[in-house]
>>> print(open('final-v5.txt').read())   # compact mmCIF, C-alpha atoms
# COMPACT_ATOMS: atom_id res chain seq x y z
CA MET A 12 86.07 91.29 88.07
CA ARG A 13 89.65 90.05 88.37
CA ILE A 14 92.03 92.92 89.05
CA LYS A 15 95.62 92.24 87.97
CA PRO A 16 98.48 94.65 87.41
CA GLU A 17 99.61 95.45 83.91
CA SER A 18 102.99 94.08 82.94
CA GLY A 19 105.73 95.15 80.59
CA VAL A 20 106.45 98.58 82.04
CA ASN A 21 109.25 99.84 84.25
CA ASN A 22 106.97 101.45 86.77
CA PRO A 23 105.97 99.21 89.65
CA LYS A 24 102.32 98.42 90.15
CA ILE A 25 101.40 99.91 93.47
CA ALA A 26 98.80 98.67 95.94
CA VAL A 27 97.79 100.51 99.08
CA VAL A 28 96.28 98.40 101.86
CA VAL A 29 94.54 100.12 104.76
CA GLY A 30 93.85 97.99 107.81
CA SER A 31 91.09 97.95 110.38
CA GLY A 32 90.92 100.21 113.43
CA GLY A 33 87.63 102.11 113.68
CA ILE A 34 88.15 105.78 112.88
CA LYS A 35 91.97 105.60 113.06
CA PRO A 36 92.54 104.41 109.46
CA ALA A 37 91.58 107.97 108.48
CA CYS A 38 95.31 108.58 109.03
CA ALA A 39 95.78 107.07 105.54
CA ILE A 40 94.73 110.48 104.22
CA ALA A 41 98.35 111.54 104.84
CA LEU A 42 99.61 108.73 102.58
CA PHE A 43 97.22 109.72 99.81
CA GLU A 44 98.47 113.32 100.09
CA LEU A 45 102.09 112.20 99.87
CA LEU A 46 101.49 110.01 96.81
CA GLU A 47 99.58 112.84 95.13
CA SER A 48 102.43 115.28 95.84
CA LEU A 49 104.94 112.82 94.32
CA ASP A 50 102.67 112.15 91.32
CA ILE A 51 102.56 108.45 92.16
CA ASP A 52 99.41 106.65 91.02
CA ILE A 53 97.76 103.98 93.12
CA ASP A 54 96.84 100.95 91.01
CA LEU A 55 94.80 99.14 93.64
CA LEU A 56 93.28 99.96 97.01
CA ILE A 57 92.35 97.29 99.52
CA GLY A 58 90.60 98.23 102.73
CA CYS A 59 89.32 96.45 105.76
CA SER A 60 86.72 97.76 108.21
CA GLY A 61 87.47 101.44 108.96
CA GLY A 62 90.21 101.08 106.36
CA ALA A 63 87.57 100.05 103.81
CA ILE A 64 85.68 103.30 104.39
CA VAL A 65 88.72 105.52 103.74
CA SER A 66 90.00 103.32 100.85
CA ALA A 67 86.64 103.33 99.10
CA MET A 68 86.40 107.11 99.53
CA ARG A 69 89.79 107.49 97.82
CA GLY A 70 88.85 104.94 95.18
CA PHE A 71 85.62 106.83 94.55
CA GLY A 72 87.68 109.92 93.71
CA TYR A 73 87.42 112.06 96.80
CA ASN A 74 90.60 114.01 97.52
CA SER A 75 92.17 114.26 100.97
CA ALA A 76 90.30 117.42 101.96
CA GLU A 77 86.98 115.95 100.86
CA ILE A 78 87.61 112.72 102.78
CA THR A 79 88.31 114.73 105.91
CA ASP A 80 85.13 116.76 105.40
CA LEU A 81 83.04 113.61 104.85
CA PHE A 82 84.35 111.99 108.03
CA THR A 83 83.60 115.14 110.03
CA LYS A 84 80.18 115.77 108.50
CA TYR A 85 78.73 112.26 108.37
CA LEU A 86 80.54 109.77 110.57
CA THR A 87 79.24 111.09 113.86
CA LYS A 88 78.91 109.19 117.13
CA SER A 89 75.12 109.07 116.76
CA LEU A 90 75.56 106.40 114.07
CA PHE A 91 76.88 104.07 116.73
CA SER A 92 74.28 104.59 119.43
CA HIS A 93 71.00 103.34 117.94
CA ILE A 94 70.38 100.31 120.17
CA ASP A 95 68.18 97.43 119.01
CA TYR A 96 66.49 96.57 122.32
CA ARG A 97 64.73 93.51 120.92
CA THR A 98 68.12 92.04 120.06
CA LEU A 99 69.43 92.89 123.53
CA LEU A 100 66.42 91.12 125.07
CA GLY A 101 67.05 88.21 122.74
CA ILE A 102 70.71 87.93 123.81
CA ALA A 103 69.54 87.84 127.43
CA LYS A 104 66.83 85.30 126.45
CA MET A 105 64.19 87.63 127.85
CA PRO A 106 60.53 87.59 126.77
CA PHE A 107 59.86 89.40 123.48
CA GLY A 108 63.53 89.29 122.61
CA ARG A 109 64.85 87.99 119.32
CA PHE A 110 68.34 87.12 118.22
CA ASP A 111 69.64 85.41 115.12
CA LYS A 112 72.56 85.93 112.75
CA THR A 113 70.78 88.74 110.91
CA ARG A 114 70.59 90.96 114.01
CA GLY A 115 72.99 93.12 115.98
CA ILE A 116 72.99 95.12 119.20
CA LEU A 117 73.00 98.34 117.16
CA LYS A 118 70.62 99.20 114.36
CA PRO A 119 72.61 99.63 111.15
CA GLN A 120 70.31 101.66 108.94
CA ARG A 121 71.67 105.12 109.84
CA LEU A 122 75.21 104.01 109.05
CA ILE A 123 74.16 102.33 105.77
CA ASP A 124 72.19 105.45 104.77
CA VAL A 125 75.15 107.72 105.46
CA LEU A 126 77.46 105.46 103.43
CA LYS A 127 74.95 105.49 100.57
CA ILE A 128 75.04 109.32 100.64
CA ILE A 129 78.85 109.35 100.71
CA PHE A 130 79.12 106.89 97.81
CA LYS A 131 76.06 108.32 96.00
CA ASN A 132 74.41 104.89 95.69
CA SER A 133 77.19 103.91 93.29
CA LYS A 134 78.52 100.51 92.25
CA PHE A 135 82.11 99.32 92.26
CA ASP A 136 82.43 99.72 88.50
CA SER A 137 82.17 103.49 88.95
CA LEU A 138 85.30 103.68 91.13
CA LYS A 139 88.19 105.70 89.73
CA ILE A 140 90.79 103.48 91.39
CA PRO A 141 90.06 99.73 91.57
CA THR A 142 89.17 98.98 95.18
CA LEU A 143 88.63 95.76 97.09
CA VAL A 144 86.81 95.49 100.38
CA GLN A 145 87.66 92.77 102.88
CA VAL A 146 84.71 91.09 104.62
CA THR A 147 84.13 87.91 106.62
CA ASN A 148 81.42 85.33 105.92
CA VAL A 149 79.53 85.02 109.20
CA ASP A 150 78.48 81.43 108.43
CA ASN A 151 81.92 79.91 107.89
CA GLY A 152 84.41 82.53 109.15
CA GLU A 153 86.16 82.67 105.79
CA GLY A 154 87.47 85.95 104.42
CA ALA A 155 86.19 87.32 101.14
CA LEU A 156 86.85 90.36 98.97
CA ILE A 157 84.04 92.35 97.47
CA ASP A 158 84.76 94.10 94.18
CA SER A 159 81.31 94.44 92.66
CA GLY A 160 77.83 95.59 93.55
CA ASP A 161 76.85 98.43 95.86
CA ILE A 162 79.87 100.22 97.40
CA ALA A 163 78.05 101.40 100.53
CA GLU A 164 76.76 97.92 101.36
CA ALA A 165 80.19 96.35 100.91
CA VAL A 166 81.84 99.03 103.05
CA TYR A 167 79.17 98.68 105.73
CA SER A 168 79.72 94.90 105.87
CA SER A 169 83.48 95.34 106.10
CA ALA A 170 83.04 97.59 109.14
CA ALA A 171 80.13 95.72 110.76
CA GLN A 172 81.66 94.46 113.97
CA PHE A 173 79.36 91.60 114.86
CA PRO A 174 77.50 91.26 117.23
CA PHE A 175 77.38 95.04 117.69
CA PHE A 176 76.35 95.57 114.07
CA PRO A 177 74.37 92.92 112.17
CA PRO A 178 75.71 91.18 109.07
CA LEU A 179 74.46 92.24 105.67
CA ASN A 180 73.28 89.87 102.98
CA ILE A 181 75.26 90.44 99.80
CA GLY A 182 74.74 88.01 96.94
CA GLY A 183 73.11 85.46 99.23
CA LYS A 184 75.93 85.46 101.81
CA TRP A 185 75.96 87.16 105.20
CA PHE A 186 79.05 89.30 105.67
CA VAL A 187 80.55 91.08 108.69
CA ASP A 188 83.73 92.91 109.66
CA GLY A 189 86.67 91.87 107.47
CA ALA A 190 89.01 92.17 110.46
CA PHE A 191 87.72 88.83 111.77
CA SER A 192 89.48 87.12 108.84
CA SER A 193 92.13 89.56 107.59
CA PRO A 194 92.60 92.86 109.46
CA LEU A 195 95.32 94.01 107.02
CA PRO A 196 94.73 92.15 103.74
CA VAL A 197 98.26 92.41 102.34
CA LEU A 198 98.23 88.81 101.13
CA GLU A 199 95.60 89.73 98.58
CA ALA A 200 97.91 92.32 97.01
CA VAL A 201 100.74 89.76 96.99
CA ASN A 202 98.51 87.13 95.37
CA ARG A 203 97.49 89.58 92.67
CA GLY A 204 101.10 90.37 91.78
CA TYR A 205 101.49 93.98 92.87
CA ASP A 206 105.13 95.10 93.11
CA VAL A 207 105.17 97.79 95.80
CA ILE A 208 102.62 97.29 98.54
CA ILE A 209 102.16 100.06 101.05
CA ALA A 210 100.33 98.78 104.11
CA ILE A 211 98.85 101.02 106.80
CA ALA A 212 98.68 99.02 110.02
CA ILE A 213 96.86 100.57 112.95
CA GLU A 214 98.65 99.79 116.18
CA GLN A 215 96.48 98.36 118.89
CA GLN A 216 96.26 100.61 121.93
CA VAL A 217 96.58 98.83 125.23
CA LYS A 218 94.60 100.22 128.11
CA MET A 219 95.77 98.97 131.46
CA GLU A 220 92.39 98.04 132.85
CA SER A 221 89.16 97.55 130.97
CA LYS A 222 86.19 98.82 132.94
CA SER A 223 83.29 97.49 130.92
CA PHE A 224 82.25 94.53 128.79
CA ILE A 225 82.60 96.60 125.62
CA GLU A 226 86.08 97.83 126.54
CA TYR A 227 87.21 94.33 127.42
CA PHE A 228 85.68 92.90 124.25
CA HIS A 229 87.40 95.49 122.08
CA GLN A 230 90.74 94.96 123.82
CA PHE A 231 90.49 91.22 123.33
CA ILE A 232 89.48 91.26 119.68
CA SER A 233 92.06 93.98 118.92
CA ARG A 234 94.76 91.69 120.26
CA SER A 235 93.33 88.80 118.29
CA TYR A 236 93.35 90.93 115.10
CA THR A 237 96.96 91.93 115.72
CA SER A 238 97.96 88.30 116.11
CA THR A 239 96.22 87.33 112.85
CA GLN A 240 97.72 90.33 111.08
CA LYS A 241 101.28 89.45 112.07
CA LYS A 242 100.95 85.84 110.95
CA GLN A 243 99.54 86.89 107.59
CA MET A 244 102.23 89.57 107.21
CA ALA A 245 105.05 87.07 107.73
CA LEU A 246 103.57 84.85 105.03
CA ALA A 247 103.05 87.83 102.70
CA ILE A 248 106.70 88.90 103.07
CA ASP A 249 107.91 85.38 102.37
CA MET A 250 105.73 85.10 99.26
CA HIS A 251 106.30 88.57 97.82
CA HIS A 252 108.82 89.45 95.09
CA HIS A 253 109.62 93.11 95.85
CA GLU A 254 108.79 95.46 98.75
CA ILE A 255 106.00 95.64 101.29
CA VAL A 256 106.34 98.95 103.11
CA VAL A 257 104.57 98.46 106.42
CA ILE A 258 103.59 101.72 108.10
CA ASN A 259 102.74 101.15 111.72
CA MET A 260 100.44 103.92 112.93
CA HIS A 261 101.03 104.50 116.60
CA PHE A 262 98.84 106.98 118.46
CA ASP A 263 100.13 108.57 121.65
CA GLU A 264 96.69 109.24 123.04
CA LEU A 265 93.89 106.74 123.50
CA ILE A 266 91.40 106.87 120.65
CA HIS A 267 88.27 104.77 120.88
CA MET A 268 86.82 102.85 117.91
CA TRP A 269 84.64 105.66 116.55
CA ASP A 270 86.05 108.67 118.41
CA VAL A 271 85.32 111.04 115.53
CA ASP A 272 86.22 114.08 117.65
CA LYS A 273 89.83 112.89 117.49
CA LEU A 274 90.01 113.20 113.69
CA PRO A 275 92.46 116.16 113.74
CA VAL A 276 94.83 114.20 116.00
CA ILE A 277 94.50 111.12 113.78
CA ILE A 278 95.31 113.04 110.61
CA GLN A 279 98.21 114.92 112.24
CA THR A 280 99.70 111.69 113.58
CA GLY A 281 99.34 110.16 110.11
CA LYS A 282 101.25 113.07 108.55
CA LYS A 283 104.08 112.79 111.07
CA ILE A 284 104.51 109.04 110.55
CA ILE A 285 104.11 109.13 106.76
CA ASP A 286 106.75 111.85 106.56
CA LYS A 287 109.22 109.52 108.32
CA LYS A 288 108.41 106.69 105.89
CA LYS A 289 108.57 108.83 102.75
CA ASN A 290 112.11 107.78 101.76
CA GLU A 291 111.28 104.09 102.21
CA ILE A 292 108.36 104.40 99.81
CA ILE A 293 110.46 106.28 97.27
CA ALA A 294 113.32 103.77 97.57
CA ALA A 295 110.96 100.82 97.04
CA ILE A 296 109.70 102.40 93.81
CA ASP A 297 113.15 103.51 92.60
CA ASN A 298 114.71 100.11 93.30
CA PHE A 299 112.03 98.43 91.22
CA LYS A 300 112.69 100.77 88.28
CA ASN A 301 116.45 100.30 88.58
CA ARG A 302 116.11 96.54 88.72
CA ARG A 303 114.00 96.58 85.55
CA LYS A 304 116.57 98.77 83.77
CA HIS A 305 119.33 96.27 84.49
CA MET B 5 112.81 111.49 93.35
CA SER B 6 116.26 110.06 92.70
CA GLN B 7 117.87 112.84 94.76
CA GLU B 8 116.24 111.38 97.85
CA ARG B 9 117.26 107.83 97.13
CA ARG B 10 118.92 106.05 100.00
CA ILE B 11 122.50 104.94 99.72
CA ASN B 12 122.30 101.27 100.50
CA LYS B 13 125.36 99.41 101.59
CA TYR B 14 125.69 96.32 103.64
CA GLU B 15 128.56 94.25 104.91
CA LEU B 16 128.67 90.60 105.95
CA ILE B 17 131.61 89.35 108.00
CA ILE B 18 131.90 85.76 109.19
CA TYR B 19 134.14 84.72 112.06
CA LYS B 20 134.31 82.05 114.77
CA ILE B 21 134.02 82.17 118.53
CA GLU B 22 134.33 78.91 120.46
CA ASN B 23 133.80 76.97 117.22
CA LEU B 24 130.54 78.81 116.58
CA SER B 25 130.05 80.67 113.31
CA VAL B 26 129.08 84.28 113.82
CA ILE B 27 127.89 86.34 110.87
CA ASN B 28 128.03 90.03 111.55
CA ILE B 29 125.54 91.92 109.37
CA ARG B 30 125.98 95.68 109.07
CA GLY B 31 124.46 98.56 107.13
CA LYS B 32 121.16 98.56 105.25
CA ILE B 33 119.42 95.84 103.29
CA ASP B 34 116.49 96.55 101.01
CA SER B 35 115.32 95.69 97.49
CA GLY B 36 118.27 97.65 96.10
CA ASN B 37 120.81 95.14 97.42
CA SER B 38 118.87 92.18 98.84
CA GLU B 39 119.65 89.84 95.93
CA ASP B 40 123.40 90.42 96.44
CA ALA B 41 123.04 90.04 100.21
CA GLU B 42 121.10 86.79 99.82
CA ALA B 43 123.68 85.32 97.43
CA GLU B 44 126.54 86.34 99.73
CA LEU B 45 124.86 85.01 102.86
CA ASN B 46 123.92 81.73 101.19
CA ALA B 47 127.53 81.30 100.05
CA MET B 48 128.65 81.77 103.68
CA LEU B 49 126.21 79.07 104.75
CA ASP B 50 127.59 76.59 102.19
CA ASN B 51 129.83 74.67 104.57
CA ASP B 52 129.62 71.89 107.14
CA ASP B 53 128.51 74.19 109.98
CA LYS B 54 124.96 73.85 111.18
CA TYR B 55 124.79 76.46 113.92
CA TYR B 56 125.05 80.20 113.44
CA ILE B 57 124.74 83.45 115.29
CA PHE B 58 123.58 86.42 113.23
CA ASP B 59 125.01 89.46 114.98
CA LEU B 60 122.95 92.49 113.96
CA CYS B 61 124.77 95.08 116.09
CA GLY B 62 125.57 97.14 112.99
CA LEU B 63 122.32 96.65 111.06
CA GLU B 64 120.76 100.07 110.63
CA TYR B 65 117.75 99.29 108.44
CA ILE B 66 116.03 96.35 106.84
CA SER B 67 113.04 96.32 104.49
CA SER B 68 110.71 93.45 103.64
CA ALA B 69 113.08 92.40 100.83
CA GLY B 70 115.87 92.30 103.42
CA LEU B 71 113.74 90.19 105.76
CA ARG B 72 113.35 87.66 102.95
CA VAL B 73 117.15 87.27 103.00
CA PHE B 74 116.83 86.06 106.61
CA LEU B 75 113.87 83.84 105.76
CA SER B 76 115.85 82.27 102.93
CA ALA B 77 118.83 81.70 105.27
CA SER B 78 116.47 80.22 107.85
CA LYS B 79 115.11 77.69 105.35
CA LYS B 80 118.66 76.71 104.33
CA ILE B 81 119.90 76.28 107.92
CA LYS B 82 116.81 74.50 109.24
CA GLY B 83 116.73 72.37 106.10
CA SER B 84 120.12 70.97 107.07
CA LYS B 85 118.87 70.31 110.62
CA GLY B 86 120.79 73.28 111.98
CA ASN B 87 119.79 76.31 114.00
CA PHE B 88 120.56 80.00 114.31
CA VAL B 89 119.80 82.94 116.58
CA PHE B 90 120.03 86.68 116.27
CA CYS B 91 121.81 88.89 118.77
CA GLU B 92 122.37 92.60 119.45
CA VAL B 93 119.16 93.55 117.65
CA SER B 94 118.44 97.28 117.92
CA GLU B 95 115.05 98.48 119.09
CA GLU B 96 114.22 99.70 115.56
CA ILE B 97 115.02 96.35 113.95
CA ARG B 98 113.19 94.51 116.72
CA GLU B 99 110.09 96.60 115.99
CA ILE B 100 110.32 95.62 112.32
CA PHE B 101 110.53 91.94 113.31
CA ASP B 102 107.54 92.45 115.60
CA MET B 103 105.36 94.30 113.07
CA THR B 104 106.00 91.67 110.43
CA GLY B 105 105.27 88.70 112.65
CA LEU B 106 108.87 87.46 112.55
CA LEU B 107 109.38 87.69 116.31
CA ASN B 108 107.33 84.49 116.43
CA VAL B 109 109.67 82.83 113.95
CA PHE B 110 113.14 84.04 114.98
CA THR B 111 115.00 83.74 118.27
CA LEU B 112 116.54 86.97 119.55
CA CYS B 113 119.23 87.17 122.25
CA PRO B 114 120.39 90.38 123.86
CA THR B 115 124.16 89.77 123.63
CA LEU B 116 126.67 87.69 121.72
CA GLU B 117 127.38 85.71 124.90
CA ALA B 118 123.69 84.96 125.44
CA ALA B 119 123.37 83.94 121.80
CA ALA B 120 126.33 81.55 122.16
CA GLU B 121 124.71 79.95 125.22
CA LYS B 122 121.38 79.66 123.43
CA ILE B 123 122.80 78.09 120.30
CA LYS B 124 124.95 75.67 122.31
CA SER B 125 121.85 74.51 124.20
CA SER B 126 120.25 73.55 120.88
CA TYR B 127 122.88 70.90 120.12
CA LEU B 128 124.15 69.84 123.51
>>> encode(input="final-v5.txt", output="structure tokens")
Amino acid sequence: MRIKPESGVNNPKIAVVVGSGGIKPACAIALFELLESLDIDIDLLIGCSGGAIVSAMRGFGYNSAEITDLFTKYLTKSLFSHIDYRTLLGIAKMPFGRFDKTRGILKPQRLIDVLKIIFKNSKFDSLKIPTLVQVTNVDNGEGALIDSGDIAEAVYSSAAQFPFFPPLNIGGKWFVDGAFSSPLPVLEAVNRGYDVIIAIAIEQQVKMESKSFIEYFHQFISRSYTSTQKKQMALAIDMHHHEIVVINMHFDELIHMWDVDKLPVIIQTGKKIIDKKKNEIIAAIDNFKNRRKH
Amino acid sequence: MSQERRINKYELIIYKIENLSVINIRGKIDSGNSEDAEAELNAMLDNDDKYYIFDLCGLEYISSAGLRVFLSASKKIKGSKGNFVFCEVSEEIREIFDMTGLLNVFTLCPTLEAAAEKIKSSYL
């Protein structure tokens, strides 16, 4: 399925891109609320990792209140605590251990099952808003976008931070977290010709001193994602023909990857920041219409 | 929606200090005026000068379309083997450069004097 904007109308084609960041991309709920209140339709959603979960929920047709409820009800910390001890033994090369590219430190089935409940075992062709999910091919490191097949499996792969979560085989390829290749896939919206691109970037939170392997690992890869994101953003701006409204989500308090208890803070912060960016979004749309008129 | 539209105005002023061309950029640049700003800036760059300081002390806001004006100017200047630096960049504009990866591309100096020193060092 090749998704391209329609042409020949004054209204801009609008893409919303939600970047990676664990639970924090749930702040995009505030953007969806704003666009609904202004009667602005989203023509394409692109999500990566945690951003893929919230984008696919919106694409599936859930409203802001329902997305909040689903996060609270289903995405609990227990999904991220089911350790695969055989894999751990395998990483340490201990007897009875086993490690290969199909395995992760955490068992994924609970998370996949929950996503299947949320998306009701549906396929991409049932989405109300076309949605693309950014993943990374674990064999060659290349980014890919999934726009067909099982929604839950694609969303799981996009959020599967290897080696914590194992890759998933989709169409004969093993996919993991899209953030490894494109944490904020704005270039895809540029390539597909969308006029106004609203990008939710989750600001990396710097903790002064990491006290564990996991903390250090997350700090390091977060910085690496940010670096990749900025390089891709510069290229996207240079290549684009209208406006990319980048909304940098900064959180005052430290929120860990899947700190679901912080959801109210995340949503409130999102509202505050989106409110400040409201006029920029409106101007980007108005300027496009005015340019077309002239 | 139109009631909330921003009033976008910008101003470009070119002048010389110590034989260096300084372009002072003020106001707001977005998709509503970026084509005009790009044409005006490119016209200012159509001369024998190769080295420029872009003084952003009066720049209040810039969108991605406005950033493309700078990228276009950068290609023109670097294409003629010249160089340029920015100075007096506000914290807000600096954050926009940072978020969009352009801090890695552009050189920022805190003051006009520092910018003059920096640009001189690129041809001395």
>>> closest_atom_pairs(input="final-v5.txt", of="range 33-139 of chain A", to="range 289-293 of chain A", cutoff="10 Å", atoms="only C-alpha atoms", output="tab-separated table")
residue	atom	partner	partner_atom	distance
A:Leu42	CA	A:Lys289	CA	9.0
A:Leu45	CA	A:Lys289	CA	7.9
A:Leu46	CA	A:Lys289	CA	9.3
A:Leu49	CA	A:Ile293	CA	9.1
A:Ile51	CA	A:Ile293	CA	9.7
>>> interface_residues(input="final-v5.txt", of="chain B", to="chain A", cutoff="12 Å", atoms="all atoms listed in the file", output="PyMOL selection string")
chain B and resi 5-12+32-39+65-79+99-110
>>> atom_distance(input="final-v5.txt", atom1="CA of Tyr85 in chain A", atom2="CA of Phe43 in chain A")
20.5 Å
>>> atom_distance(input="final-v5.txt", atom1="CA of Val125 in chain A", atom2="CA of Leu86 in chain A")
7.7 Å
>>> atom_distance(input="final-v5.txt", atom1="CA of Leu16 in chain B", atom2="CA of Arg30 in chain B")
6.5 Å
>>> residues_around(input="final-v5.txt", residues="Glu92 in chain B", least_positions_apart="4", cutoff="7 Å", atoms="all atoms listed in the file", output="ChimeraX atom specification")
/B:59-61,113-116
>>> residues_around(input="final-v5.txt", residues="Phe82 in chain A", least_positions_apart="2", cutoff="12 Å", atoms="only C-alpha atoms", output="number ranges by chain")
A: 33-38, 40, 61, 64-65, 68, 73, 75-80, 84-88, 125-126, 129, 269-275, 277-278
>>> closest_residue(input="final-v5.txt", among="A:Phe176, A:Tyr236, A:Phe228, A:Phe135", to="Asp95 in chain A", atoms="only C-alpha atoms")
A:Phe176
>>> residues_around(input="final-v5.txt", residues="range 107-110 of chain A", least_positions_apart="6", cutoff="8 Å", atoms="all atoms listed in the file", output="list in words")
Tyr96, Arg97, Thr98, Leu99, Leu100 and Gly101 of chain A
>>> residues_near_point(input="final-v5.txt", point="(99.0, 97.6, 121.5)", cutoff="10 Å", atoms="all atoms listed in the file", output="count of residues only")
12
>>> residues_around(input="final-v5.txt", residues="Gly62 in chain A", least_positions_apart="6", cutoff="6 Å", atoms="all atoms listed in the file", output="list in words")
Val29, Gly30, Ser31 and Pro36 of chain A
